[in-house]
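Okay, structure first, notes after.
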Amino acid sequence: MRILLVDESEERTALLRDALVSAGHEVTASLSSPIELLRTVEALLPDVIVIDTESPTRDVLEHVVMVSQSSPRPIVMFASDAGGAAIRDAVRAGVSAYVVDGLDSSRVNSIVEVACARFEEFQRVKIELAEANLKLSDRKLVERAKGLLMQSRGLSEDEAYHALRKLAMSKKVRLGEVAQQVIESAELLGKG
């Protein structure tokens with residue numbers, strides 16, 4: 001895996017780099033500050049980001065959030081701060097694995113692997129949730145559009161649904177998109 005390191009301590013960076021390289025990973029770059037994190041991630045496209053810090057500061061977490069939103073990938077954070085608030089803040093920001101006092105070179109590879117697995121699972125659940133929300137939204141739109149067609153054209157519920165479905169198929173778009181168009185047209189004509 002291609003790994004980007006962020007650590008203000010050159011000594012710890014060397015330890016982490018050695019552990020990762022000996023585990024067969026490629027360290028693409030090392031940053032001493034998170035200021036260039038997003039730009040570096042977009043330029044180098046690492047598979048994983050490893051951050052080593054005493055305690056995740058607001059600055060570090062803000063940069064993690066920016067990466068998580070625009071270019072999501074597994075993030076491992078080694079920290080000395082075992083406080084519950086620090087852990088929760090880091091996880092909310094997008095950290096996949098938060099390891100306290102665990103900079104043991106023999107464990108680094110397995111920690112990275114666990115972070116990747118957790119990240120992939122989180123991404124899968126996120127996609128499923130987005131798809132479920134879209135289906136629910138489409139269903140609500142279809143019900144409303146059916147009601148408008150039933151009212152304006154005197155159709156039964158089944159006829160209204162088939163009319164929407166036929167239009168969606170002929171336009172090669174989702175049923176929810178056609179329903180949205182019907183609703184917008186009705187609102188434009190003052191019938192919605």
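We label chains A, B, ... in the order they appear in the structure tokens, count residues from 1 in each chain, and number ligands from 1 in the order shown.
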For this session: Step one, run DSSP on the backbone; step two, keep only residues of range 96-180 of chain A assigned to alpha helix (DSSP H); then write them as an MDAnalysis selection string.
Result: chainID A and resid 108:153 157:171 175:180
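Running DSSP on the backbone and keeping only strand (DSSP E), the residues of range 50-192 of chain A that qualify are Val50, Ile51, Asp52, Thr53, Ile75, Val76, Met77, Phe78, Ala79, Ala97, Tyr98, Val99 and Val100 of chain A.
The spacing separating CA of Arg12 in chain A from CA of Thr53 in chain A amounts to 9.5 Å.
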For this session: Show which residues sit within 6 Å of range 87-104 of chain A, as an NGL selection string. Count only C-alpha atoms, and ignore same-chain residues fewer than 6 positions away.
Result: :A and (61 or 64-65 or 68 or 74-80 or 115 or 119)
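Nearest-residue note for Leu141 in chain A: choosing from A:Ile183, A:Ser105, A:His162, A:Arg174, the minimum distance belongs to A:Ile183, counting only C-alpha atoms.
Distances from A:Val142, A:Leu148, A:Ile111, A:Arg165 to Ala179 in chain A were compared using only C-alpha atoms, and the smallest one belongs to A:Val142.
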For this session: Would you mind listing what lies within 6 Å of Pro46 in chain A as a PyMOL selection string, with only C-alpha atoms counted and same-chain residues fewer than 4 positions away left out?
Result: chain A and resi 2-4
How about saving the chosen residues, all heavy atoms kept, as a PDB file, in the first residue's frame?
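See again05.pdb below for the written result:
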ATOM      1  N   ARG A   2       0.327   2.289  -0.610  1.00  0.00           N
ATOM      2  CA  ARG A   2       1.012   3.586  -0.630  1.00  0.00           C
ATOM      3  C   ARG A   2       0.516   4.385   0.573  1.00  0.00           C
ATOM      4  O   ARG A   2      -0.678   4.594   0.724  1.00  0.00           O
ATOM      5  CB  ARG A   2       0.700   4.316  -1.928  1.00  0.00           C
ATOM      6  CG  ARG A   2       1.261   3.592  -3.152  1.00  0.00           C
ATOM      7  CD  ARG A   2       0.745   4.142  -4.480  1.00  0.00           C
ATOM      8  NE  ARG A   2       0.497   5.569  -4.507  1.00  0.00           N
ATOM      9  CZ  ARG A   2       1.415   6.499  -4.792  1.00  0.00           C
ATOM     10  NH1 ARG A   2       2.648   6.134  -5.080  1.00  0.00           N
ATOM     11  NH2 ARG A   2       1.115   7.788  -4.798  1.00  0.00           N
ATOM     12  N   ILE A   3       1.448   4.816   1.409  1.00  0.00           N
ATOM     13  CA  ILE A   3       1.089   5.462   2.670  1.00  0.00           C
ATOM     14  C   ILE A   3       1.697   6.851   2.764  1.00  0.00           C
ATOM     15  O   ILE A   3       2.863   7.062   2.437  1.00  0.00           O
ATOM     16  CB  ILE A   3       1.525   4.588   3.866  1.00  0.00           C
ATOM     17  CG1 ILE A   3       0.779   3.256   3.800  1.00  0.00           C
ATOM     18  CG2 ILE A   3       1.274   5.304   5.184  1.00  0.00           C
ATOM     19  CD1 ILE A   3       1.093   2.277   4.868  1.00  0.00           C
ATOM     20  N   LEU A   4       0.877   7.786   3.240  1.00  0.00           N
ATOM     21  CA  LEU A   4       1.312   9.150   3.507  1.00  0.00           C
ATOM     22  C   LEU A   4       1.440   9.308   5.013  1.00  0.00           C
ATOM     23  O   LEU A   4       0.492   9.014   5.753  1.00  0.00           O
ATOM     24  CB  LEU A   4       0.289  10.150   2.959  1.00  0.00           C
ATOM     25  CG  LEU A   4       0.484  11.617   3.342  1.00  0.00           C
ATOM     26  CD1 LEU A   4       1.803  12.148   2.779  1.00  0.00           C
ATOM     27  CD2 LEU A   4      -0.688  12.450   2.855  1.00  0.00           C
TER      28      LEU A   4
END
For this session: Using only C-alpha atoms, find the one residue out of A:Glu121, A:Asp52, A:Asp7, A:Asp47 that sits nearest to Ser33 in chain A.
Result: A:Asp7
Problem set entry | Exercise: Thr40 in chain A partners within 9 Å, only C-alpha atoms, chain neighbours under 4 positions left out, as a VMD selection string | chain A and resid 4 29 31 36 44 to 46
Could you write those residues out with C-alpha atoms, as a compact mmCIF listing (two decimals), in the first residue's frame?
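What follows is the written file out.txt:
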# COMPACT_ATOMS: atom_id res chain seq x y z
CA LEU A 4 1.31 9.15 3.51
CA ALA A 29 5.67 11.25 1.50
CA LEU A 31 4.59 15.78 6.20
CA GLU A 36 -0.63 20.53 3.06
CA LEU A 44 -0.06 11.56 -4.52
CA LEU A 45 -3.29 9.53 -4.04
CA PRO A 46 -2.01 7.41 -1.13
